[in-house]
$ cat coords.txt   # compact mmCIF, C-alpha atoms
# COMPACT_ATOMS: atom_id res chain seq x y z
CA MET A 842 -44.03 -12.35 -28.05
CA GLU A 843 -44.30 -10.13 -25.06
CA THR A 844 -41.39 -10.02 -22.67
CA LEU A 845 -40.65 -8.61 -19.27
CA LYS A 846 -37.48 -6.96 -18.10
CA LEU A 847 -35.72 -8.90 -15.40
CA GLU A 848 -32.89 -7.87 -13.10
CA VAL A 849 -31.33 -10.16 -10.53
CA ILE A 850 -29.06 -8.17 -8.24
CA THR A 851 -26.70 -9.41 -5.54
CA PRO A 852 -24.45 -7.36 -3.26
CA SER A 853 -21.55 -8.18 -5.54
CA GLY A 854 -23.25 -7.19 -8.76
CA LEU A 855 -25.83 -7.97 -11.40
CA ILE A 856 -26.10 -11.63 -12.26
CA TYR A 857 -28.95 -11.40 -14.70
CA ASN A 858 -30.07 -8.42 -16.66
CA GLY A 859 -32.24 -8.86 -19.71
CA SER A 860 -35.61 -9.73 -21.03
CA ALA A 861 -37.50 -12.92 -20.32
CA LEU A 862 -40.75 -14.53 -21.35
CA SER A 863 -41.60 -15.54 -17.82
CA VAL A 864 -39.98 -16.08 -14.49
CA THR A 865 -40.77 -18.48 -11.65
CA LEU A 866 -39.85 -17.37 -8.16
CA PRO A 867 -39.63 -19.23 -4.83
CA GLY A 868 -41.90 -16.97 -2.74
CA GLU A 869 -42.08 -17.23 1.01
CA GLU A 870 -45.67 -18.45 0.65
CA GLY A 871 -44.87 -20.82 -2.19
CA GLU A 872 -43.65 -20.82 -5.73
CA PHE A 873 -45.22 -18.36 -8.13
CA GLY A 874 -44.80 -17.45 -11.76
CA VAL A 875 -44.67 -13.99 -13.25
CA LEU A 876 -45.66 -13.21 -16.82
CA PRO A 877 -45.45 -9.84 -18.60
CA LYS A 878 -48.04 -7.32 -17.36
CA HIS A 879 -48.25 -8.90 -13.95
CA ALA A 880 -49.88 -6.77 -11.29
CA THR A 881 -47.45 -4.93 -9.04
CA LEU A 882 -46.42 -6.65 -5.88
CA THR A 883 -43.56 -6.78 -3.43
CA THR A 884 -42.78 -9.93 -1.52
CA LEU A 885 -40.05 -11.94 0.10
CA LEU A 886 -38.32 -14.99 -1.36
CA LYS A 887 -36.99 -18.00 0.48
CA ALA A 888 -34.10 -20.24 -0.46
CA GLY A 889 -34.84 -21.90 -3.77
CA VAL A 890 -34.54 -21.67 -7.52
CA ILE A 891 -35.49 -18.86 -9.86
CA ASP A 892 -36.37 -20.23 -13.29
CA ILE A 893 -36.00 -17.73 -16.06
CA GLU A 894 -37.57 -18.54 -19.40
CA LYS A 895 -35.53 -16.64 -21.91
CA GLU A 896 -36.62 -15.33 -25.27
CA ASN A 897 -35.21 -18.34 -27.10
CA LYS A 898 -37.35 -20.59 -24.86
CA THR A 899 -34.37 -21.95 -22.96
CA VAL A 900 -34.63 -21.95 -19.18
CA GLU A 901 -31.90 -20.59 -16.99
CA SER A 902 -31.84 -21.43 -13.29
CA VAL A 903 -30.49 -19.24 -10.55
CA VAL A 904 -30.21 -20.53 -7.01
CA VAL A 905 -30.82 -17.95 -4.29
CA ASN A 906 -30.71 -18.07 -0.49
CA TRP A 907 -32.91 -15.11 0.43
CA GLY A 908 -34.45 -12.26 -1.45
CA VAL A 909 -37.01 -9.60 -2.11
CA VAL A 910 -38.83 -9.24 -5.37
CA GLN A 911 -40.49 -6.18 -6.75
CA VAL A 912 -42.82 -6.83 -9.63
CA ASP A 913 -44.49 -4.19 -11.72
CA GLU A 914 -46.13 -4.29 -15.09
CA GLU A 915 -43.05 -4.27 -17.24
CA LYS A 916 -40.23 -4.99 -14.84
CA VAL A 917 -39.18 -7.56 -12.25
CA VAL A 918 -36.40 -6.64 -9.86
CA VAL A 919 -35.06 -9.41 -7.65
CA LEU A 920 -32.74 -8.44 -4.81
CA VAL A 921 -30.93 -11.42 -3.38
CA ASP A 922 -28.34 -11.99 -0.72
CA GLY A 923 -26.41 -14.72 -2.43
CA ALA A 924 -27.03 -16.30 -5.81
CA VAL A 925 -25.45 -18.82 -8.13
CA ALA A 926 -26.43 -19.06 -11.76
CA ILE A 927 -26.44 -22.59 -13.16
CA ARG A 928 -24.70 -22.04 -16.44
CA GLY A 929 -21.39 -22.69 -18.07
CA GLU A 930 -19.63 -23.51 -21.28
CA ASN A 931 -18.78 -27.10 -20.45
CA GLU A 932 -19.53 -29.88 -18.01
CA SER A 933 -16.90 -28.99 -15.45
CA GLU A 934 -18.06 -25.40 -15.24
CA ILE A 935 -21.64 -26.51 -14.73
CA ALA A 936 -20.56 -29.03 -12.12
CA LYS A 937 -18.72 -26.28 -10.27
CA ALA A 938 -21.76 -24.02 -10.37
CA LEU A 939 -23.83 -26.89 -8.97
CA ASP A 940 -21.41 -27.35 -6.10
CA ASP A 941 -21.44 -23.63 -5.34
CA ALA A 942 -25.22 -23.65 -5.35
CA LYS A 943 -25.37 -26.54 -2.90
CA THR A 944 -22.97 -24.85 -0.49
CA LEU A 945 -25.04 -21.69 -0.69
CA LEU A 946 -28.17 -23.61 0.25
CA ARG A 947 -26.50 -25.55 3.04
CA ASP A 948 -25.48 -22.27 4.65
CA VAL A 949 -29.05 -21.01 5.00
CA SER A 950 -31.08 -24.10 5.60
CA ASP A 951 -30.72 -26.84 8.19
CA SER A 952 -33.50 -28.96 6.80
CA ASN A 953 -32.21 -31.69 4.57
CA ILE A 954 -35.54 -32.07 2.83
CA ALA A 955 -35.49 -28.48 1.63
CA ILE A 956 -31.93 -28.83 0.38
CA ALA A 957 -32.65 -32.12 -1.31
CA SER A 958 -35.71 -30.85 -3.16
CA VAL A 959 -33.90 -27.77 -4.44
CA ALA A 960 -30.80 -29.80 -5.27
CA ALA A 961 -32.87 -32.23 -7.29
CA LYS A 962 -34.37 -29.37 -9.21
CA ILE A 963 -31.11 -27.73 -10.12
CA GLU A 964 -29.53 -31.01 -11.02
CA GLY A 965 -32.35 -31.56 -13.44
CA ALA A 966 -31.71 -28.14 -14.93
CA ALA A 967 -28.00 -28.87 -15.19
CA GLN A 968 -28.68 -32.18 -16.94
CA LYS A 969 -30.61 -30.35 -19.60
CA LEU A 970 -27.71 -28.00 -20.11
CA ILE A 971 -25.22 -30.80 -20.58
CA TYR A 972 -27.21 -32.77 -23.11
CA MET B 1324 33.84 19.82 4.63
CA ALA B 1325 31.79 18.26 7.41
CA ASN B 1326 28.86 20.30 6.21
CA LEU B 1327 29.14 18.84 2.71
CA LYS B 1328 28.96 15.29 3.97
CA GLU B 1329 25.97 16.09 6.10
CA ILE B 1330 24.05 17.51 3.19
CA GLN B 1331 24.90 14.50 1.11
CA ARG B 1332 23.58 12.20 3.79
CA LYS B 1333 20.38 14.18 3.97
CA ILE B 1334 19.86 13.98 0.22
CA LYS B 1335 20.26 10.25 0.38
CA SER B 1336 17.77 9.84 3.20
CA VAL B 1337 15.17 12.04 1.52
CA SER B 1338 15.44 10.19 -1.76
CA ASN B 1339 15.03 6.91 0.12
CA THR B 1340 11.83 8.25 1.66
CA GLN B 1341 10.74 9.28 -1.79
CA LYS B 1342 11.19 5.73 -3.02
CA THR B 1343 9.03 4.40 -0.19
CA THR B 1344 6.25 6.89 -0.71
CA ARG B 1345 6.23 6.27 -4.42
CA ALA B 1346 5.92 2.54 -3.85
CA MET B 1347 3.08 3.11 -1.38
CA LYS B 1348 1.30 5.26 -3.90
CA LEU B 1349 1.53 2.55 -6.52
CA VAL B 1350 0.21 -0.06 -4.10
CA SER B 1351 -2.71 2.18 -3.17
CA THR B 1352 -3.51 2.85 -6.81
CA ALA B 1353 -3.76 -0.85 -7.49
CA LYS B 1354 -5.85 -1.48 -4.38
CA LEU B 1355 -8.06 1.48 -5.13
CA ARG B 1356 -8.93 0.07 -8.51
CA ARG B 1357 -10.13 -3.16 -6.94
CA ALA B 1358 -12.03 -1.44 -4.14
CA GLU B 1359 -13.61 0.95 -6.59
CA GLU B 1360 -14.80 -1.92 -8.74
CA LEU B 1361 -16.37 -3.61 -5.73
CA ALA B 1362 -18.05 -0.41 -4.61
CA LYS B 1363 -19.39 0.23 -8.09
CA ARG B 1364 -20.89 -3.24 -8.35
CA SER B 1365 -22.62 -3.06 -5.01
CA ARG B 1366 -23.87 0.47 -5.45
CA LEU B 1367 -26.67 -0.85 -7.63
CA PHE B 1368 -27.82 -3.26 -4.94
CA ALA B 1369 -27.66 -0.51 -2.34
CA GLN B 1370 -29.79 1.78 -4.46
CA LYS B 1371 -32.40 -0.87 -5.17
CA THR B 1372 -32.63 -1.98 -1.55
CA ASN B 1373 -33.08 1.59 -0.46
CA GLN B 1374 -35.79 1.99 -3.09
CA VAL B 1375 -37.70 -1.03 -1.86
CA ILE B 1376 -37.43 0.13 1.74
CA ALA B 1377 -38.44 3.64 0.74
CA GLU B 1378 -41.51 2.32 -0.99
CA ILE B 1379 -42.54 0.27 2.00
CA ALA B 1380 -41.84 3.19 4.31
CA LEU B 1381 -44.07 5.35 2.15
CA ARG B 1382 -46.91 2.91 2.35
CA VAL B 1383 -46.53 2.64 6.07
CA LYS B 1384 -46.64 6.39 6.36
CA CYS B 1385 -49.28 7.26 3.80
CA GLN B 1386 -51.64 4.33 3.63
CA LYS B 1387 -51.15 2.56 6.94
CA VAL B 1388 -51.18 -0.74 5.08
CA GLY B 1389 -52.50 -3.70 6.98
CA GLY B 1390 -51.76 -2.10 10.33
CA ILE B 1391 -48.04 -2.60 9.89
CA GLU B 1392 -46.44 -1.21 12.95
CA SER B 1393 -42.78 -1.70 13.16
CA ARG B 1394 -40.39 0.08 15.41
CA ALA B 1395 -38.16 0.49 12.38
CA PHE B 1396 -40.46 3.16 10.99
CA ALA B 1397 -41.38 4.70 14.31
CA LYS B 1398 -40.94 8.37 14.89
CA ILE B 1399 -39.09 8.84 18.11
CA ASP B 1400 -39.33 12.40 19.36
CA ALA B 1401 -37.22 12.18 22.45
CA PRO B 1402 -34.51 9.59 22.07
CA THR B 1403 -32.67 8.72 25.25
CA MET B 1404 -29.96 6.44 23.92
CA VAL B 1405 -28.33 6.21 20.50
CA ASP B 1406 -25.69 4.05 18.88
CA ILE B 1407 -22.94 5.73 16.94
CA ILE B 1408 -20.93 3.42 14.73
CA PHE B 1409 -17.83 4.82 13.10
CA VAL B 1410 -15.62 3.35 10.41
CA THR B 1411 -11.99 4.40 10.08
CA ALA B 1412 -8.97 2.81 8.46
CA ASP B 1413 -6.69 0.34 10.20
CA LYS B 1414 -3.64 2.15 8.93
CA GLY B 1415 -2.49 5.72 8.87
CA LEU B 1416 -0.50 7.62 6.26
CA CYS B 1417 -3.59 8.66 4.40
CA GLY B 1418 -3.77 12.38 5.10
CA GLY B 1419 -6.76 13.67 6.98
CA PHE B 1420 -8.89 10.65 6.14
CA ASN B 1421 -9.22 9.23 9.65
CA MET B 1422 -9.21 12.58 11.39
CA GLN B 1423 -12.16 13.80 9.37
CA THR B 1424 -14.26 10.85 10.49
CA ILE B 1425 -13.16 11.30 14.09
CA LYS B 1426 -14.05 14.99 13.97
CA ALA B 1427 -17.49 14.19 12.60
CA VAL B 1428 -18.04 11.64 15.36
CA ARG B 1429 -17.00 14.19 17.98
CA LYS B 1430 -19.39 16.73 16.52
CA LEU B 1431 -22.24 14.24 16.55
CA MET B 1432 -21.40 13.32 20.13
CA GLU B 1433 -21.43 16.93 21.23
CA GLU B 1434 -24.77 17.53 19.55
CA HIS B 1435 -26.22 14.63 21.45
CA LYS B 1436 -24.62 15.68 24.69
CA GLU B 1437 -26.24 19.08 24.42
CA LYS B 1438 -29.62 17.43 24.11
CA LYS B 1439 -28.72 15.21 27.05
CA ILE B 1440 -28.99 12.06 24.99
CA LYS B 1441 -26.84 9.19 26.10
CA MET B 1442 -24.86 7.35 23.47
CA ARG B 1443 -22.88 4.22 22.89
CA LEU B 1444 -19.87 4.37 20.65
CA ARG B 1445 -19.04 1.35 18.53
CA GLY B 1446 -15.86 1.44 16.51
CA ILE B 1447 -14.52 -0.28 13.43
CA GLY B 1448 -10.94 0.42 12.41
CA LYS B 1449 -7.78 0.64 14.47
CA LYS B 1450 -7.09 4.33 14.01
CA GLY B 1451 -10.39 5.59 15.36
CA ILE B 1452 -10.34 3.08 18.19
CA GLU B 1453 -6.85 4.20 19.20
CA TYR B 1454 -7.90 7.82 19.17
CA PHE B 1455 -10.94 7.34 21.38
CA THR B 1456 -9.17 4.98 23.77
CA TYR B 1457 -6.37 7.50 24.15
CA ASN B 1458 -8.87 10.25 24.89
CA GLU B 1459 -10.60 8.02 27.39
CA VAL B 1460 -13.90 7.90 25.58
CA GLU B 1461 -15.64 4.66 26.35
CA LEU B 1462 -16.27 2.32 23.44
CA LEU B 1463 -18.97 -0.32 23.61
CA ASP B 1464 -17.01 -2.53 21.29
CA ALA B 1465 -14.09 -2.20 18.97
CA VAL B 1466 -13.41 -4.25 15.88
CA LYS B 1467 -10.09 -4.22 14.10
CA ASP B 1468 -9.19 -5.70 10.69
CA LEU B 1469 -12.73 -5.38 9.42
CA SER B 1470 -12.37 -2.06 7.68
CA SER B 1471 -9.37 -3.19 5.64
CA ALA B 1472 -11.12 -6.38 4.49
CA PRO B 1473 -14.89 -5.83 4.32
CA ASP B 1474 -16.89 -8.97 4.77
CA MET B 1475 -20.67 -9.23 4.58
CA GLN B 1476 -20.88 -11.88 7.28
CA ARG B 1477 -18.80 -10.02 9.82
CA ALA B 1478 -20.49 -6.72 9.07
CA ALA B 1479 -23.86 -8.38 9.65
CA GLU B 1480 -22.73 -9.89 12.93
CA PHE B 1481 -21.41 -6.55 14.08
CA ILE B 1482 -24.57 -4.57 13.37
CA GLN B 1483 -26.80 -7.32 14.76
CA THR B 1484 -26.25 -6.10 18.33
CA SER B 1485 -27.55 -2.69 17.40
CA ILE B 1486 -30.56 -4.08 15.57
CA GLN B 1487 -31.48 -6.30 18.50
CA ASP B 1488 -31.13 -3.53 21.03
CA TYR B 1489 -33.12 -1.23 18.82
CA TYR B 1490 -36.04 -3.63 18.62
CA GLU B 1491 -35.88 -4.24 22.34
CA GLY B 1492 -36.05 -0.52 22.93
CA LYS B 1493 -32.66 -0.18 24.55
CA ILE B 1494 -31.56 2.33 21.94
CA ASP B 1495 -33.59 4.78 19.88
CA ALA B 1496 -31.42 5.40 16.84
CA VAL B 1497 -28.43 3.99 15.02
CA TYR B 1498 -25.97 6.18 13.16
CA ILE B 1499 -23.12 5.15 10.92
CA VAL B 1500 -20.34 7.67 10.35
CA TYR B 1501 -17.73 7.01 7.68
CA ASN B 1502 -15.67 8.64 5.02
CA GLY B 1503 -17.00 7.55 1.66
CA TYR B 1504 -15.60 7.52 -1.83
CA LYS B 1505 -16.69 10.24 -4.21
CA ASN B 1506 -14.04 10.12 -6.89
CA VAL B 1507 -10.32 9.49 -7.13
CA ILE B 1508 -9.42 12.81 -5.59
CA THR B 1509 -12.26 13.49 -3.18
CA GLN B 1510 -13.74 11.72 -0.23
CA GLU B 1511 -17.11 12.51 1.15
CA LEU B 1512 -17.94 12.31 4.81
CA LYS B 1513 -21.21 10.52 5.36
CA THR B 1514 -23.36 10.32 8.45
CA ILE B 1515 -26.36 8.11 7.91
CA ARG B 1516 -29.13 7.16 10.24
CA VAL B 1517 -29.99 3.56 9.46
CA LEU B 1518 -32.59 3.15 12.17
CA PRO B 1519 -35.30 4.29 12.41
CA VAL B 1520 -35.88 4.56 8.67
CA ASP B 1521 -36.43 8.17 7.80
CA VAL B 1522 -40.01 8.21 6.61
CA ASP B 1523 -40.27 11.97 6.37
CA ALA B 1524 -37.76 12.08 3.54
CA TYR B 1525 -40.32 10.60 1.18
CA ASP B 1526 -43.30 12.34 -0.24
CA CYS B 1527 -46.71 10.69 -0.26
CA GLU B 1528 -47.42 11.93 -3.74
CA GLU B 1529 -44.56 9.93 -5.19
CA LEU B 1530 -46.29 6.75 -4.20
CA LYS B 1531 -47.06 4.52 -7.11
CA GLN B 1532 -50.21 2.50 -7.09
CA SER B 1533 -49.04 -0.92 -6.17
CA VAL B 1534 -49.87 -3.69 -3.81
CA LEU B 1535 -47.72 -4.87 -1.00
CA GLU B 1536 -48.42 -8.53 -0.66
CA ILE B 1537 -47.78 -9.50 2.88
CA GLU B 1538 -49.80 -12.08 4.73
CA ALA B 1539 -51.28 -10.60 7.87
CA GLU B 1540 -50.03 -13.12 10.39
CA ASP B 1541 -46.50 -12.95 9.10
CA HIS B 1542 -46.07 -9.35 8.22
CA GLU B 1543 -44.02 -8.43 11.22
CA LYS B 1544 -41.55 -11.23 10.72
CA MET B 1545 -41.18 -10.45 7.03
CA LEU B 1546 -40.82 -6.77 7.45
CA ASN B 1547 -38.30 -7.26 10.19
CA SER B 1548 -36.20 -9.63 8.13
CA LEU B 1549 -36.28 -7.15 5.27
CA ILE B 1550 -35.24 -4.28 7.49
CA GLU B 1551 -32.53 -6.39 9.06
CA LYS B 1552 -31.05 -7.09 5.63
CA TYR B 1553 -31.34 -3.44 4.76
CA VAL B 1554 -29.41 -2.34 7.83
CA GLU B 1555 -26.83 -5.09 7.46
CA TYR B 1556 -26.31 -4.18 3.88
CA ASN B 1557 -25.92 -0.52 4.70
CA MET B 1558 -23.23 -1.44 7.19
CA TYR B 1559 -21.44 -3.56 4.60
CA TYR B 1560 -21.70 -0.87 2.00
CA ALA B 1561 -20.25 1.67 4.45
CA LEU B 1562 -17.23 -0.62 4.82
CA ILE B 1563 -16.72 -1.03 1.10
CA ASP B 1564 -17.14 2.65 0.46
CA SER B 1565 -14.74 3.48 3.25
CA VAL B 1566 -12.04 1.16 1.89
CA ALA B 1567 -12.24 2.76 -1.53
CA ALA B 1568 -12.01 6.20 0.04
CA GLU B 1569 -9.10 5.13 2.23
CA HIS B 1570 -7.06 4.04 -0.75
CA SER B 1571 -7.85 7.15 -2.70
CA ALA B 1572 -6.86 9.29 0.30
CA ARG B 1573 -3.64 7.37 0.75
CA MET B 1574 -2.84 7.60 -2.92
CA GLN B 1575 -3.18 11.35 -2.73
CA ALA B 1576 -1.22 11.69 0.48
CA MET B 1577 1.61 9.58 -0.89
CA ASP B 1578 1.62 11.48 -4.15
CA ALA B 1579 1.97 14.72 -2.22
CA ALA B 1580 4.73 13.20 -0.10
CA THR B 1581 6.62 12.05 -3.19
CA ASN B 1582 6.40 15.52 -4.69
CA ASN B 1583 7.53 17.14 -1.48
CA ALA B 1584 10.50 14.81 -1.31
CA LYS B 1585 11.38 15.71 -4.88
CA GLU B 1586 11.30 19.41 -4.01
CA MET B 1587 13.39 18.80 -0.95
CA VAL B 1588 16.06 16.90 -2.87
CA LYS B 1589 16.17 19.76 -5.35
CA SER B 1590 16.71 22.43 -2.72
CA LEU B 1591 19.22 20.26 -0.88
CA LYS B 1592 21.18 19.82 -4.10
CA VAL B 1593 21.33 23.59 -4.56
CA LYS B 1594 22.53 23.90 -0.98
CA PHE B 1595 25.10 21.20 -1.56
CA ASN B 1596 26.46 22.89 -4.69
CA LYS B 1597 26.69 26.21 -2.90
CA ALA B 1598 28.57 24.67 -0.02
CA ARG B 1599 30.91 22.92 -2.40
CA GLN B 1600 31.59 26.14 -4.30
CA GLU B 1601 32.19 27.90 -1.03
CA ALA B 1602 34.72 25.29 0.02
CA ILE B 1603 36.57 25.59 -3.29
CA THR B 1604 36.63 29.38 -3.08
CA THR B 1605 37.96 29.32 0.46
CA GLU B 1606 40.66 26.89 -0.52
CA LEU B 1607 41.67 28.99 -3.50
CA ILE B 1608 41.82 32.13 -1.43
CA GLU B 1609 43.99 30.34 1.09
CA ILE B 1610 46.42 29.22 -1.62
CA ILE B 1611 46.54 32.60 -3.29
CA SER B 1612 47.03 34.47 -0.05
CA GLY B 1613 49.74 31.98 0.91
CA VAL B 1614 51.56 32.65 -2.39
CA GLU B 1615 51.09 36.39 -1.95
CA SER B 1616 52.65 36.34 1.52
CA MET B 1617 55.68 34.38 0.18
CA LYS B 1618 56.57 37.19 -2.23
$ encode --input "coords.txt" --output "C-alpha cells"
Amino acid sequence: METLKLEVITPSGLIYNGSALSVTLPGEEGEFGVLPKHATLTTLLKAGVIDIEKENKTVESVVVNWGVVQVDEEKVVVLVDGAVAIRGENESEIAKALDDAKTLLRDVSDSNIAIASVAAKIEGAAQKLIY
Amino acid sequence: MANLKEIQRKIKSVSNTQKTTRAMKLVSTAKLRRAEELAKRSRLFAQKTNQVIAEIALRVKCQKVGGIESRAFAKIDAPTMVDIIFVTADKGLCGGFNMQTIKAVRKLMEEHKEKKIKMRLRGIGKKGIEYFTYNEVELLDAVKDLSSAPDMQRAAEFIQTSIQDYYEGKIDAVYIVYNGYKNVITQELKTIRVLPVDVDAYDCEELKQSVLEIEAEDHEKMLNSLIEKYVEYNMYYALIDSVAAEHSARMQAMDAATNNAKEMVKSLKVKFNKARQEAITTELIEIISGVESMK
C-alpha cells in the first residue's frame, strides 16, 4: 500500500512524524483529504481535527487551533500553532488529552457551535480508543 | 602580625566568592540544558515556517500569483521610520552578553541616523532597557521579565504593535537584534529583518512547480494571517534563542570567575606563607640578638 510522509510540527516540537495512508485536514475552505501523490498545494487550516489514517488502518486524531499545510507528492508538512494529540495508554490519559483539546479550542473560537462540532468529533475518536 | 590577619581575611573572602560563582555556574548549566532543549525543539518549526514563507515570497516575486500584493513583501527603497527591537537578559553577570547586543543596536542606530532614517526603539530585557534609559535614548516601550521566561502569547502581543504599524504604513521595516545560541561556548549576534520579508534572498530558479491554493477574495486576509504568525514566531524564537545564549554566557563567565578566584587564593596563600616566614625570622633574629647582647 502506498503511503505518504506526514509531519505535524508545533512551536514546541514534532507531535507526529511518520508515514500514513491518508490524512484529513480542516482547511479554511472546508475539510479535505490528502492521499499519496496528491498535487502540491499550500493552504491555511482553521481550528479543527486532523485525522491521520496510519499504516495499520487505525485513525489518530490531532486537534489543532490554526495552521498551514504544505502538500507535495510524497510529503505533507503541517505547521500548527497549538496541537493536542488524542492518544494515551489508558482512559485517564485519553480523558486528559480530551480536556486539553477542548481548552485549546475554546481559546481560539468564540462560537459554541464550532467547538461543539469539533468536540463531538474528538469524543467519538476517543471512544474508539477506549473500547 | 596585622598583615598576616589581613591576608587570612582576604583568603576567606575570595574563597567565599568562589563558592558563590561555582553555585551560579551549576545553576546556569542546569538552566542551559532546559533552554537548549526548548530551542532545539522549536528550531524545526522555525525552519519550516521560514521555508513556507520563502516559497510564497518566491511566487510573489517570480510569478506574481493571483495579483497578491502585500506590504509584507514590498520593496521599500527609502524607508523613513523603522522599528528596532532588542532582546537582552534581565540579569547581569554573564560577561559581554548584554553589551554585545547593545553595541549592535547602537551600530544599527548610527547606520540609520546617517541615512536620516527615524527609528523607534523597543526593548525587551532589563539590562538593555537600563542602559538606554541611562544614556537618555528614548524607548517606545520596555518590557521586563519576558526575556527570562519566554512566552508565545506575550511575545505575540509585543510584536503586534509593530505589525499593525507596519501595515498602516507608520513604519517601513522591523528589525530584531539579539544574541543567539550557537553552542555551549559561543554566542552569535543576530540582526534579523522580519518585515518586509526579504524577497531578494531567494532565487527564482529554485522555485518548485507547485500551486498556491488561495481563494481570490480571501487571499489578503490569509496571507496576512500567515505573515503575522511568521513574525510572531520569529519574535518568540528570538526570545528562546536568547535565553539559551544567556545561560551559556553566564556559565562561561562564572566558570572563568571560579578559576580566577582559585588562582587568587593560591597566590594569596603564597603571600601568607611568606609573611608568616618573615615574622618567624624576625622573631628569631630578635631573640638571638638579645642573647648575643647579654653575653
$ closest_residue --input "coords.txt" --among "B:Ala1358, B:Ile1610, B:Met1432, B:Leu1549" --to "chain A" --atoms "all atoms listed in the file"
B:Leu1549
$ residues_around --input "coords.txt" --residues "A:Val864" --least-positions-apart "4" --cutoff "9 Å" --atoms "all atoms listed in the file" --output "ChimeraX atom specification"
/A:845,847,873-876,891-895,917
$ closest_atom_pairs --input "coords.txt" --of "chain A" --to "chain B" --cutoff "7 Å" --atoms "only C-alpha atoms" --output "Markdown table"
| residue | atom | partner | partner_atom | distance |
| --- | --- | --- | --- | --- |
| A:Ile850 | CA | B:Phe1368 | CA | 6.0 |
| A:Thr851 | CA | B:Phe1368 | CA | 6.3 |
| A:Pro852 | CA | B:Ser1365 | CA | 5.0 |
| A:Ser853 | CA | B:Ser1365 | CA | 5.3 |
| A:Gly854 | CA | B:Arg1364 | CA | 4.6 |
| A:Thr881 | CA | B:Ser1533 | CA | 5.2 |
| A:Leu882 | CA | B:Val1534 | CA | 5.0 |
| A:Thr883 | CA | B:Leu1535 | CA | 5.2 |
| A:Thr884 | CA | B:Glu1536 | CA | 5.9 |
$ atom_distance --input "coords.txt" --atom1 "atom CA of B:Phe1409" --atom2 "atom CA of B:Glu1551"
18.9 Å
$ atom_distance --input "coords.txt" --atom1 "atom CA of B:Arg1443" --atom2 "atom CA of B:Val1428"
11.6 Å
$ atom_distance --input "coords.txt" --atom1 "atom CA of A:Leu862" --atom2 "atom CA of A:Lys878"
11.0 Å
$ closest_residue --input "coords.txt" --among "A:Ile856, A:Gly908, A:Glu915, A:Gly889" --to "A:Thr844" --atoms "all atoms listed in the file"
A:Glu915
$ residues_around --input "coords.txt" --residues "B:Lys1439" --least-positions-apart "6" --cutoff "12 Å" --atoms "only C-alpha atoms" --output "list of chain:residue names"
B:Ala1401, B:Pro1402, B:Thr1403, B:Met1404, B:Val1405, B:Met1432, B:Glu1433
$ residues_around --input "coords.txt" --residues "B:Ile1486" --least-positions-apart "6" --cutoff "12 Å" --atoms "all atoms listed in the file" --output "list in words"
Arg1394, Ala1395, Val1405, Asp1406, Ala1479, Glu1480, Gly1492, Lys1493, Ile1494, Asp1495, Ala1496, Val1497, Tyr1498, Val1517, Leu1518, Pro1519, Asn1547, Ser1548, Ile1550, Glu1551, Lys1552, Tyr1553, Val1554, Glu1555 and Met1558 of chain B
$ closest_residue --input "coords.txt" --among "B:Gln1575, B:Gln1331, B:Thr1514, B:Thr1581" --to "B:Leu1431" --atoms "all atoms listed in the file"
B:Thr1514
$ residues_around --input "coords.txt" --residues "B:Ala1576" --least-positions-apart "6" --cutoff "8 Å" --atoms "all atoms listed in the file" --output "PDB file with C-alpha atoms, in the coordinates of the input"
ATOM      1  CA  LEU B1416      -0.500   7.620   6.260  1.00  0.00           C
ATOM      2  CA  CYS B1417      -3.590   8.660   4.400  1.00  0.00           C
ATOM      3  CA  GLY B1418      -3.770  12.380   5.100  1.00  0.00           C
TER       4      GLY B1418
END
